[in-house]
Structure formats: C-alpha cells, structure tokens
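Reproduced below: entry13.cif, with mmCIF, C-alpha atoms.
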```
data_run
loop_
_atom_site.label_atom_id
_atom_site.label_comp_id
_atom_site.auth_asym_id
_atom_site.auth_seq_id
_atom_site.Cartn_x
_atom_site.Cartn_y
_atom_site.Cartn_z
CA MET A 1 75.14 -0.09 -30.26
CA ALA A 2 77.63 -2.74 -29.27
CA THR A 3 77.52 -1.46 -25.70
CA ILE A 4 73.74 -1.78 -25.58
CA ARG A 5 73.87 -5.32 -26.94
CA PHE A 6 76.56 -6.20 -24.44
CA GLY A 7 74.41 -4.78 -21.65
CA PHE A 8 71.37 -6.82 -22.74
CA GLY A 9 73.55 -9.91 -22.99
CA ARG A 10 74.80 -9.48 -19.43
CA LEU A 11 71.22 -8.91 -18.22
CA ASN A 12 69.95 -12.06 -19.94
CA PHE A 13 72.85 -14.05 -18.51
CA TYR A 14 72.10 -12.71 -15.03
CA LEU A 15 68.40 -13.58 -15.33
CA LEU A 16 69.22 -17.07 -16.65
CA LYS A 17 71.66 -17.63 -13.82
CA ARG A 18 69.12 -16.44 -11.28
CA ARG A 19 66.36 -18.66 -12.69
CA SER A 20 68.72 -21.63 -12.78
CA PHE A 21 69.69 -21.05 -9.17
CA LEU A 22 66.01 -20.83 -8.21
CA LEU A 23 65.28 -24.07 -10.06
CA LEU A 24 68.15 -25.82 -8.28
CA LYS A 25 66.85 -24.65 -4.91
CA LEU A 26 63.34 -25.90 -5.69
CA ILE A 27 64.64 -29.28 -6.89
CA ALA A 28 66.84 -29.60 -3.79
CA VAL A 29 63.92 -28.90 -1.45
CA VAL A 30 61.58 -31.30 -3.27
CA PHE A 31 64.23 -34.04 -3.32
CA ALA A 32 65.01 -33.59 0.39
CA VAL A 33 61.34 -33.71 1.37
CA LEU A 34 60.66 -36.78 -0.76
CA LEU A 35 63.73 -38.53 0.64
CA PHE A 36 62.63 -37.81 4.20
CA CYS A 37 58.92 -38.61 3.85
CA GLU A 38 59.25 -41.69 1.65
CA PHE A 39 62.43 -43.31 3.03
CA LEU A 40 64.23 -41.76 6.01
CA ILE A 41 61.19 -41.31 8.24
CA TYR A 42 60.67 -45.08 8.37
CA TYR A 43 64.23 -45.62 9.59
CA LEU A 44 63.98 -42.80 12.14
CA VAL A 45 60.73 -44.14 13.64
CA ILE A 46 61.34 -47.90 13.54
CA PHE A 47 64.92 -47.46 14.79
CA GLN A 48 63.39 -46.52 18.14
CA CYS A 49 61.85 -50.00 18.49
CA ASN A 50 63.71 -52.66 20.45
CA TRP A 51 63.05 -56.33 21.02
CA PRO A 52 61.60 -56.88 24.49
CA LYS A 53 63.74 -58.84 26.91
CA VAL A 54 62.41 -62.07 28.36
CA LYS A 55 62.43 -61.71 32.13
CA THR A 56 63.98 -64.53 34.13
CA SER A 57 63.88 -64.87 37.88
CA ALA A 58 66.96 -65.60 39.96
CA TYR A 59 65.53 -69.01 40.85
CA ASP A 60 65.23 -70.35 37.30
CA SER A 61 67.91 -68.30 35.51
CA GLU A 62 70.32 -71.23 35.53
CA GLN A 63 67.75 -73.58 33.99
CA GLU A 64 66.89 -71.09 31.23
CA THR A 65 70.34 -69.96 30.14
CA HIS A 66 70.37 -72.58 27.41
CA GLU A 67 67.03 -71.46 25.91
CA THR A 68 67.30 -69.58 22.63
CA VAL A 69 65.00 -66.64 22.00
CA LEU A 70 62.77 -66.59 18.92
CA LYS A 71 62.15 -63.12 17.47
CA ALA A 72 58.67 -62.94 15.94
CA MET A 73 56.80 -60.05 14.31
CA PHE A 74 52.99 -59.97 14.24
CA LEU A 75 51.13 -57.85 11.65
CA ALA A 76 47.44 -57.70 10.81
CA ASP A 77 44.94 -56.29 8.32
CA THR A 78 47.10 -55.07 5.45
CA HIS A 79 44.02 -54.87 3.17
CA LEU A 80 45.69 -54.62 -0.23
CA LEU A 81 43.12 -52.87 -2.42
CA GLY A 82 41.58 -54.65 -5.39
CA GLU A 83 40.32 -53.59 -8.80
CA VAL A 84 36.78 -52.73 -7.65
CA ARG A 85 37.20 -50.41 -4.66
CA GLY A 86 40.86 -49.54 -5.07
CA HIS A 87 41.67 -46.11 -6.50
CA TRP A 88 45.12 -46.04 -8.11
CA LEU A 89 46.33 -43.17 -5.90
CA ASP A 90 45.07 -44.89 -2.77
CA LYS A 91 46.86 -48.08 -3.81
CA LEU A 92 50.09 -46.27 -4.59
CA ARG A 93 50.17 -44.30 -1.33
CA ARG A 94 49.16 -46.95 1.19
CA GLU A 95 50.95 -49.89 -0.41
CA TRP A 96 54.20 -47.92 -0.68
CA GLN A 97 53.81 -47.09 3.03
CA MET A 98 53.43 -50.78 3.95
CA GLU A 99 56.26 -51.88 1.69
CA ARG A 100 58.72 -49.33 3.09
CA ALA A 101 57.63 -50.07 6.67
CA PHE A 102 57.98 -53.82 6.24
CA GLN A 103 61.31 -53.71 4.43
CA THR A 104 62.72 -51.22 6.95
CA ALA A 105 61.56 -53.37 9.88
CA LEU A 106 63.19 -56.45 8.33
CA TRP A 107 66.48 -54.61 7.86
CA LEU A 108 66.60 -52.94 11.27
CA LEU A 109 64.99 -55.56 13.52
CA GLN A 110 66.07 -58.82 11.82
CA PRO A 111 63.07 -60.99 12.85
CA GLU A 112 63.19 -64.74 12.35
CA VAL A 113 59.49 -65.23 11.63
CA VAL A 114 56.67 -62.87 10.59
CA PHE A 115 52.97 -63.63 11.08
CA ILE A 116 50.23 -61.74 9.22
CA LEU A 117 46.93 -62.28 11.02
CA GLY A 118 44.40 -62.15 8.23
CA ASP A 119 42.80 -59.72 5.77
CA ILE A 120 45.84 -59.60 3.56
CA PHE A 121 43.60 -58.52 0.69
CA ASP A 122 40.59 -56.26 0.73
CA GLU A 123 38.61 -57.96 -2.05
CA GLY A 124 39.75 -61.58 -1.91
CA LYS A 125 36.26 -62.76 -1.06
CA TRP A 126 34.89 -61.69 -4.46
CA SER A 127 37.88 -61.00 -6.75
CA SER A 128 38.16 -62.74 -10.11
CA SER A 129 40.98 -65.16 -10.92
CA GLN A 130 42.97 -62.50 -12.80
CA ALA A 131 42.43 -59.86 -10.11
CA TRP A 132 43.49 -62.36 -7.46
CA ALA A 133 46.67 -63.19 -9.39
CA ASP A 134 47.49 -59.47 -9.74
CA ASP A 135 46.93 -58.89 -6.03
CA VAL A 136 49.18 -61.82 -5.12
CA VAL A 137 52.01 -60.45 -7.28
CA ARG A 138 51.74 -57.08 -5.52
CA PHE A 139 51.72 -58.75 -2.11
CA GLN A 140 54.80 -60.81 -2.90
CA LYS A 141 56.63 -57.69 -4.02
CA MET A 142 55.67 -55.66 -0.97
CA PHE A 143 56.37 -58.36 1.60
CA ARG A 144 59.43 -59.94 0.00
CA HIS A 145 61.84 -61.34 2.55
CA PRO A 146 65.16 -63.19 2.66
CA PRO A 147 65.10 -67.02 2.71
CA HIS A 148 66.09 -67.27 6.37
CA VAL A 149 62.97 -65.30 7.43
CA GLN A 150 59.74 -67.29 7.62
CA LEU A 151 56.46 -65.62 6.60
CA LYS A 152 53.28 -67.23 7.93
CA VAL A 153 49.82 -66.03 6.91
CA VAL A 154 46.38 -66.60 8.43
CA ALA A 155 43.28 -66.24 6.24
CA GLY A 156 40.80 -63.51 7.14
CA ASN A 157 37.21 -62.77 6.22
CA HIS A 158 38.31 -60.39 3.42
CA ASP A 159 40.53 -63.12 1.96
CA ILE A 160 38.02 -65.97 1.75
CA GLY A 161 34.77 -64.53 3.12
CA PHE A 162 32.84 -65.08 6.33
CA HIS A 163 31.55 -68.55 7.16
CA TYR A 164 28.39 -68.00 5.08
CA GLN A 165 30.52 -66.89 2.07
CA MET A 166 33.33 -69.43 2.19
CA ASP A 167 33.58 -72.13 -0.45
CA THR A 168 36.17 -74.70 -1.40
CA TYR A 169 37.38 -72.67 -4.40
CA ARG A 170 38.30 -69.59 -2.35
CA ILE A 171 39.96 -71.64 0.38
CA LYS A 172 42.01 -73.72 -2.09
CA ARG A 173 43.00 -70.57 -3.99
CA PHE A 174 44.31 -69.02 -0.79
CA GLU A 175 46.08 -72.17 0.38
CA LYS A 176 47.74 -72.67 -3.01
CA VAL A 177 49.52 -69.32 -2.66
CA PHE A 178 50.27 -69.21 1.05
CA ASN A 179 50.38 -72.91 1.95
CA PRO A 180 49.21 -72.16 5.49
CA GLU A 181 50.23 -74.43 8.34
CA ARG A 182 47.83 -74.96 11.20
CA LEU A 183 50.63 -76.01 13.56
CA PHE A 184 54.01 -74.35 13.19
CA SER A 185 56.87 -75.22 15.53
CA TRP A 186 60.23 -73.53 15.87
CA LYS A 187 62.80 -73.49 18.68
CA GLY A 188 60.51 -75.53 20.89
CA ILE A 189 57.57 -73.14 20.51
CA ASN A 190 54.22 -74.05 18.95
CA PHE A 191 52.08 -71.57 17.03
CA VAL A 192 48.56 -72.73 16.23
CA MET A 193 47.14 -70.62 13.40
CA VAL A 194 43.35 -70.57 13.31
CA ASN A 195 41.09 -68.99 10.71
CA SER A 196 38.40 -68.50 13.30
CA VAL A 197 35.69 -67.42 10.83
CA ALA A 198 35.36 -71.16 10.23
CA LEU A 199 34.31 -71.64 13.86
CA GLU A 200 30.98 -69.83 13.37
CA GLY A 201 29.77 -72.18 10.71
CA ASP A 202 26.22 -73.14 11.70
CA GLY A 203 26.97 -76.75 10.78
CA CYS A 204 28.57 -76.11 7.37
CA ASN A 205 30.87 -78.84 6.01
CA ILE A 206 33.95 -76.57 5.78
CA CYS A 207 33.48 -75.45 9.37
CA SER A 208 33.08 -79.02 10.60
CA GLU A 209 36.33 -79.93 8.86
CA ALA A 210 38.05 -76.99 10.56
CA GLU A 211 36.85 -78.12 13.98
CA ALA A 212 38.00 -81.68 13.29
CA GLU A 213 41.43 -80.38 12.30
CA LEU A 214 41.65 -78.32 15.47
CA MET A 215 40.75 -81.35 17.57
CA GLU A 216 43.56 -83.28 15.89
CA ILE A 217 46.00 -80.46 16.70
CA SER A 218 44.71 -80.44 20.28
CA HIS A 219 45.48 -84.17 20.48
CA LYS A 220 49.04 -83.57 19.32
CA LEU A 221 49.55 -80.81 21.87
CA ASN A 222 48.05 -82.89 24.66
CA CYS A 223 50.29 -85.80 23.77
CA SER A 224 53.35 -83.58 23.90
CA ARG A 225 52.60 -82.75 27.53
CA GLU A 226 53.59 -86.23 28.62
CA HIS A 227 57.13 -85.26 27.75
CA PHE A 228 56.91 -81.87 29.46
CA PRO A 229 55.45 -81.94 32.96
CA LEU A 230 55.18 -78.17 33.03
CA TYR A 231 51.57 -78.63 31.99
CA ARG A 232 48.62 -80.67 33.20
CA ARG A 233 48.88 -84.23 31.99
CA SER A 234 46.30 -85.15 29.39
CA ASP A 235 44.13 -88.25 29.37
CA ALA A 236 44.57 -88.51 25.59
CA ASN A 237 46.30 -91.59 24.21
CA CYS A 238 49.75 -90.37 23.15
CA SER A 239 51.04 -92.31 20.19
CA GLY A 240 52.88 -91.61 16.97
CA GLU A 241 56.04 -89.68 16.17
CA ASP A 242 54.34 -86.53 14.91
CA ALA A 243 53.35 -85.28 18.36
CA ALA A 244 54.71 -81.76 18.69
CA PRO A 245 57.03 -81.22 21.66
CA PRO A 246 56.76 -77.51 22.44
CA GLU A 247 56.15 -75.95 25.82
CA GLU A 248 54.43 -72.77 24.70
CA ARG A 249 51.48 -72.34 22.38
CA SER A 250 50.74 -68.97 20.82
CA ILE A 251 47.54 -68.65 18.78
CA PRO A 252 47.30 -66.01 16.06
CA PHE A 253 43.66 -66.18 14.87
CA LYS A 254 41.21 -64.01 12.96
CA GLU A 255 38.18 -62.86 14.89
CA ARG A 256 34.57 -63.08 13.72
CA TYR A 257 33.27 -59.59 13.11
CA ASP A 258 34.55 -57.82 16.25
CA VAL A 259 34.90 -60.83 18.52
CA LEU A 260 34.37 -64.56 18.45
CA SER A 261 31.23 -65.93 20.01
CA GLN A 262 31.57 -67.07 23.62
CA GLU A 263 31.06 -70.67 22.57
CA ALA A 264 33.77 -70.56 19.91
CA SER A 265 36.19 -68.84 22.31
CA GLN A 266 35.65 -71.48 24.94
CA LYS A 267 36.21 -74.23 22.39
CA LEU A 268 39.55 -72.75 21.34
CA LEU A 269 40.72 -72.22 24.90
CA TRP A 270 39.63 -75.71 25.97
CA TRP A 271 41.15 -77.52 23.00
CA LEU A 272 44.46 -75.68 22.83
CA GLN A 273 45.01 -74.34 26.37
CA PRO A 274 47.34 -71.56 25.15
CA ARG A 275 49.64 -69.30 27.10
CA LEU A 276 49.01 -66.39 24.74
CA VAL A 277 46.40 -65.42 22.16
CA LEU A 278 47.13 -62.95 19.34
CA SER A 279 44.31 -61.89 17.04
CA GLY A 280 43.47 -59.44 14.27
CA HIS A 281 40.38 -57.97 12.57
CA THR A 282 39.56 -55.00 14.83
CA HIS A 283 42.31 -52.74 13.37
CA SER A 284 43.00 -51.55 16.93
CA ALA A 285 45.08 -52.78 19.84
CA CYS A 286 43.36 -54.03 22.95
CA GLU A 287 44.22 -56.52 25.67
CA MET A 288 42.05 -58.75 27.79
CA LEU A 289 42.34 -61.72 30.12
CA HIS A 290 40.26 -64.83 29.58
CA GLY A 291 38.76 -66.77 32.46
CA ALA A 292 41.83 -68.90 33.16
CA GLY A 293 44.13 -65.87 33.13
CA ILE A 294 45.11 -66.34 29.46
CA PRO A 295 46.04 -62.99 27.90
CA GLU A 296 44.74 -62.02 24.46
CA LEU A 297 46.21 -59.15 22.47
CA SER A 298 44.53 -57.73 19.37
CA VAL A 299 47.12 -56.62 16.80
CA PRO A 300 46.49 -53.20 15.16
CA SER A 301 46.28 -52.70 11.41
CA PHE A 302 49.55 -52.25 9.50
CA SER A 303 48.07 -49.85 6.95
CA TRP A 304 47.46 -46.10 6.85
CA ARG A 305 44.15 -46.88 5.21
CA ASN A 306 42.81 -48.21 8.51
CA ARG A 307 44.79 -46.17 11.05
CA ASN A 308 46.66 -42.89 11.21
CA ASN A 309 49.20 -44.56 13.52
CA PRO A 310 49.65 -48.18 12.37
CA SER A 311 51.89 -50.51 14.33
CA PHE A 312 52.90 -54.12 14.80
CA ILE A 313 53.80 -56.42 17.69
CA MET A 314 57.30 -57.67 18.45
CA GLY A 315 57.61 -60.88 20.44
CA SER A 316 60.66 -62.40 22.11
CA MET A 317 59.78 -66.00 22.91
CA THR A 318 61.37 -69.03 24.55
CA PRO A 319 59.80 -72.42 25.29
CA THR A 320 58.80 -71.21 28.77
CA LYS A 321 58.45 -67.43 28.61
CA TYR A 322 57.60 -64.56 26.28
CA ALA A 323 57.73 -60.76 26.17
CA LEU A 324 55.81 -58.44 23.84
CA ALA A 325 56.29 -54.85 22.69
CA LYS A 326 54.50 -52.59 20.22
CA CYS A 327 56.43 -50.88 17.43
CA TYR A 328 54.77 -47.83 15.86
CA LEU A 329 55.13 -46.83 12.23
CA PRO A 330 55.26 -43.22 11.00
CA GLN A 331 51.95 -41.40 11.34
CA GLU A 332 50.24 -40.35 8.13
CA ASP A 333 49.49 -36.92 9.62
CA THR A 334 53.21 -36.31 10.15
CA VAL A 335 53.97 -37.01 6.50
CA LEU A 336 51.08 -34.86 5.24
CA ILE A 337 52.05 -31.94 7.50
CA THR A 338 55.64 -32.19 6.30
CA TYR A 339 54.51 -32.05 2.68
CA CYS A 340 52.25 -29.05 3.38
CA GLY A 341 55.05 -27.25 5.20
CA ALA A 342 57.43 -27.94 2.32
CA ALA A 343 54.87 -26.64 -0.20
CA GLY A 344 54.52 -23.43 1.80
CA PHE A 345 58.30 -23.07 1.95
CA LEU A 346 58.53 -23.45 -1.84
CA VAL A 347 55.93 -20.73 -2.31
CA VAL A 348 57.92 -18.39 -0.05
CA ILE A 349 61.11 -19.07 -2.01
CA MET A 350 59.40 -18.25 -5.32
CA LEU A 351 57.76 -15.08 -3.98
CA VAL A 352 61.07 -13.84 -2.60
CA ASP A 353 62.80 -14.56 -5.89
CA LEU A 354 60.13 -12.63 -7.82
CA GLY A 355 60.44 -9.70 -5.45
CA LEU A 356 56.86 -10.04 -4.22
CA LEU A 357 57.95 -10.85 -0.69
CA ALA A 358 60.86 -9.52 1.32
CA SER A 359 63.49 -12.05 2.21
CA PRO A 360 63.09 -13.12 5.84
CA PHE A 361 66.88 -12.90 6.25
CA LEU A 362 67.08 -9.34 4.90
CA LEU A 363 64.02 -8.36 6.90
CA GLY A 364 65.66 -9.68 10.04
CA CYS A 365 68.87 -7.74 9.30
CA LYS A 366 66.91 -4.50 8.82
CA LEU A 367 65.05 -4.98 12.08
CA LEU A 368 68.34 -5.70 13.86
CA ARG A 369 69.92 -2.53 12.46
CA LYS A 370 66.93 -0.45 13.53
CA PHE A 371 67.13 -1.94 17.00
CA LYS A 372 70.86 -1.08 17.25
CA THR A 373 70.21 2.48 16.00
CA VAL A 374 67.60 3.04 18.67
#
```

Show the structure stored in the file as structure tokens.
Amino acid sequence: MATIRFGFGRLNFYLLKRRSFLLLKLIAVVFAVLLFCEFLIYYLVIFQCNWPKVKTSAYDSEQETHETVLKAMFLADTHLLGEVRGHWLDKLRREWQMERAFQTALWLLQPEVVFILGDIFDEGKWSSSQAWADDVVRFQKMFRHPPHVQLKVVAGNHDIGFHYQMDTYRIKRFEKVFNPERLFSWKGINFVMVNSVALEGDGCNICSEAEAELMEISHKLNCSREHFPLYRRSDANCSGEDAAPPEERSIPFKERYDVLSQEASQKLLWWLQPRLVLSGHTHSACEMLHGAGIPELSVPSFSWRNRNNPSFIMGSMTPTKYALAKCYLPQEDTVLITYCGAAGFLVVIMLVDLGLLASPFLLGCKLLRKFKTV
C-alpha cells in the first residue's frame, strides 16, 4: 500500500513539474514577444535612421565651417482619438505606438527641435472642455520631452476646425495649451508656422487677422534681408529691433483639404519667399516644386491609424543650406505577423506537451536515423 502511494506521489510530482515547466516556457515566449513588439522593435528600426549631412561645395566650405547645424524633426497628423469616435483598444494600441516611437526617436536621434504639423487631436473641432482637457493630458504624456528640446505645434483642421468652423473659443483654447509662435528663430534659421486653413476664409474676421499677421511677418523677413545680401533686397521700410535676422525660412503649414487653393499658395510664396515648404494633412509623403523652384514636402502621418508604415522627416539645417531624410517607424503588419507567429508557436508547444503532436526535434531525429539506415 505504501509502495502504491509512493508511486502516485512520484507521478503527481512529475506531472506538476512538467506543467510548471510548460508554464515557464509559455511565459518566457509571451514575455519575449511582448518585449520585442512593444519596445525593442522601435530601437531596431529607428536606429537605422541617420541625420542627413549638409553638403558644402569646395568653393564655400571655408565660409561655412563656422555654421552650426540645427537638428529638427517634423511629424504630422498624430490624430489622438477622442471620447466620441475613439474605441479604448484603438486608443491604447495606436497611442502606445506613437509614444514609444517618439520617445525612442528622442533618445536615439537627440533632436534639438520637434515640429508637429497639425491634427494633433482627432476631435478637437467639436470636443467638450473636459474631453479637450483629457486629450491634452494624454498628449503631454505621450510627447513628453526634456527641457533642452523644443516642441512646436501647428494647428490643423481637426484641432480647431476648417475656416467655416473656426471660432475664437477653439483658437484660444488651442493657443492656451500650445502657445504657438508664428515666427520661430534658432541658430540663424527662421521657421514661419502657418495654420493655412485660415487662408481660405471667404472674408471671415479670423482669416483676415491671420493674413494681417502673415503680412507683418513678411515685413520682418523682408527687413532682415538688408542685413543679408544673399536675398533680393526688399523695398519695405526696415525699422525696429524686432526684425528677424535669419537667412533661411522653412514653412511648416497645414493644408486645406488636400491642397491649398492656388491663390492662397501664391500669397504664401509671395509674402514669405521661402527656401523650403513642409506641410501636413495628406497623411502621405509627396514632393513638388513650385513655380520659382521652391520645394515642398508633405510629411506623412506619424500614426498606425492612418498608415501601415508611418514615418517622420529629419532635417539638418544651417542658415544657408539644409538636408532632409525620411525615418520610417515599425510597420503595423510586422508587429501583427510577429504576434500571429508567436501564437502559433505557443499552440505547437502545448500540443507537443499534451502528446497530440510529435516534437519537431524528435521527428527530425527519427527521419535522420531512417536516412542513415537506408
């Protein structure tokens, strides 16, 4: 009787040990897959991105050796979901993706300034005061950054509405949080940030104020050219100490629907005479040249919700030159396929442990022995 009990005890111990070992294997696989898909994949992908080098010719290399390079990141269309259209799982998945991508890019690439070109929120144009406050808290958590990194934001149509939806309340609410600057200067470079939905205003008061503000910025830029003969001298009366002295003007602005109207585009190009235009809204990357040879680059969406392969633009800029490169984020398909493959692997492990499926290793050994016998 004692022998039988001892035998059952050893059997139970063996089964417990086997189940515990199986559980440890399952936990190890799940932990490894989660670690890879939710953390490591961002480092592996973004690590491949490098800041573009500003090209200098042999003729002017001596004059430009003293110029410092500004490292700028350009994102667009994050579309943080709101309380109306935002499912909790959709929020969790896509916002975690953007947070990990942004924090990884900050750590690996060390940019000095980050621009987000509109549509930060998905429901800002109709969200209540409480919903807006909740969305802002989530944004500040996701896009937190060290004090030495500047974060500049341009309003988009989903943040304050199109020109026929805009009102003073929505604009003031946005400006209270983000304190947007229309003219931002750093290291001798000017960035003019334009919420271009205000340029299609059909005579509305807000849109007229926006045009007046742009004309004032144009006056400052024109005045600065008297000090830098690299550009055509302006006939504007240059006076005052607030005239900005940069030599390059980059314009991140938010497009109207898919593109700005021809009239609004010509106004912007005539007033600001930029070297480079960066825009958002389309969720895709495209490049075009305007009539005077001014390049415009549309920045892709930063979110999996809008693209399977989101990305952002990296810019190395000096007062006289610039270079751009695109940095891709992990593809959503890659993460989903990895999870599906891991799920299939877990099923195989369980079936082998239950004896319902032969171990691939043992099966391979048997086939090898048969081959040697033959």

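CA of Leu276 in chain A is positioned 8.1 Å from CA of Leu297 in chain A.
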
Distance query range 280-291 of chain A at most 10 Å, all atoms listed in the file, self and fewer than 4 positions along chain excluded, as JSON, numbers by chain: {"A": [74, 75, 76, 77, 78, 116, 117, 118, 119, 154, 156, 157, 158, 252, 253, 254, 255, 256, 257, 258, 259, 265, 266, 269, 276, 295, 296, 297, 298, 299, 300, 301, 302, 303, 306, 307, 309, 310, 311, 312, 313, 326]}

Using only C-alpha atoms, please write the residues we just selected to a file, as a compact mmCIF listing (two decimals), in the frame of the given file.
```
# COMPACT_ATOMS: atom_id res chain seq x y z
CA PHE A 74 52.99 -59.97 14.24
CA LEU A 75 51.13 -57.85 11.65
CA ALA A 76 47.44 -57.70 10.81
CA ASP A 77 44.94 -56.29 8.32
CA THR A 78 47.10 -55.07 5.45
CA ILE A 116 50.23 -61.74 9.22
CA LEU A 117 46.93 -62.28 11.02
CA GLY A 118 44.40 -62.15 8.23
CA ASP A 119 42.80 -59.72 5.77
CA VAL A 154 46.38 -66.60 8.43
CA GLY A 156 40.80 -63.51 7.14
CA ASN A 157 37.21 -62.77 6.22
CA HIS A 158 38.31 -60.39 3.42
CA PRO A 252 47.30 -66.01 16.06
CA PHE A 253 43.66 -66.18 14.87
CA LYS A 254 41.21 -64.01 12.96
CA GLU A 255 38.18 -62.86 14.89
CA ARG A 256 34.57 -63.08 13.72
CA TYR A 257 33.27 -59.59 13.11
CA ASP A 258 34.55 -57.82 16.25
CA VAL A 259 34.90 -60.83 18.52
CA SER A 265 36.19 -68.84 22.31
CA GLN A 266 35.65 -71.48 24.94
CA LEU A 269 40.72 -72.22 24.90
CA LEU A 276 49.01 -66.39 24.74
CA PRO A 295 46.04 -62.99 27.90
CA GLU A 296 44.74 -62.02 24.46
CA LEU A 297 46.21 -59.15 22.47
CA SER A 298 44.53 -57.73 19.37
CA VAL A 299 47.12 -56.62 16.80
CA PRO A 300 46.49 -53.20 15.16
CA SER A 301 46.28 -52.70 11.41
CA PHE A 302 49.55 -52.25 9.50
CA SER A 303 48.07 -49.85 6.95
CA ASN A 306 42.81 -48.21 8.51
CA ARG A 307 44.79 -46.17 11.05
CA ASN A 309 49.20 -44.56 13.52
CA PRO A 310 49.65 -48.18 12.37
CA SER A 311 51.89 -50.51 14.33
CA PHE A 312 52.90 -54.12 14.80
CA ILE A 313 53.80 -56.42 17.69
CA LYS A 326 54.50 -52.59 20.22
```

Result set of the PyMOL selection byres ((chain A and resi 97-112) around 6) on the coordinates above, as a PDB file with C-alpha atoms, in the coordinates of the input:
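File produced: part.pdb:
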```pdb
ATOM      1  CA  LYS A  71      62.150 -63.120  17.470  1.00  0.00           C
ATOM      2  CA  ALA A  72      58.670 -62.940  15.940  1.00  0.00           C
ATOM      3  CA  ARG A  94      49.160 -46.950   1.190  1.00  0.00           C
ATOM      4  CA  GLU A  95      50.950 -49.890  -0.410  1.00  0.00           C
ATOM      5  CA  TRP A  96      54.200 -47.920  -0.680  1.00  0.00           C
ATOM      6  CA  VAL A 113      59.490 -65.230  11.630  1.00  0.00           C
ATOM      7  CA  MET A 142      55.670 -55.660  -0.970  1.00  0.00           C
ATOM      8  CA  VAL A 149      62.970 -65.300   7.430  1.00  0.00           C
TER       9      VAL A 149
END
```

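Closest approach to Met73 in chain A among A:Lys91, A:Lys152, A:Arg144, A:Arg173 is made by A:Lys152 (distances from all atoms listed in the file).
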
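Taking CA of Phe345 in chain A as the reference point, CA of Glu332 in chain A is found at 20.0 Å.
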
Min atom-atom distance to Asn308 in chain A from the set A:Glu216, A:Asp90, A:Glu38, A:Asp333, counting all atoms listed in the file, belongs to A:Asp333

What do you get, as a PyMOL selection string, if you spell out every residue that the PyMOL selection byres ((chain A and resi 42) around 7) selects here? chain A and resi 39-41+43-46+101+104+329-330

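CA of Tyr339 in chain A lies 27.3 Å from CA of Phe139 in chain A.
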
Quick one: which residues end up in the PyMOL selection byres ((chain A and resi 53) around 7) for this structure, as a PyMOL selection string? chain A and resi 51-52+54-55+316+323

When you count only C-alpha atoms, which of these residues is closest to Phe162 in chain A: A:Arg182, A:Lys125, A:Lys25, A:Lys187? A:Lys125

Rank A:Leu81, A:Gly293, A:Cys49, A:Leu24 by their smallest atom-to-atom distance to Tyr328 in chain A, using all atoms listed in the file, and report the top residue only. A:Cys49

Give the answer as one residue: which of A:Lys172, A:Trp186, A:Gly341, A:Trp271 has the shortest atom-to-atom distance to Glu211 in chain A, using only C-alpha atoms? A:Trp271
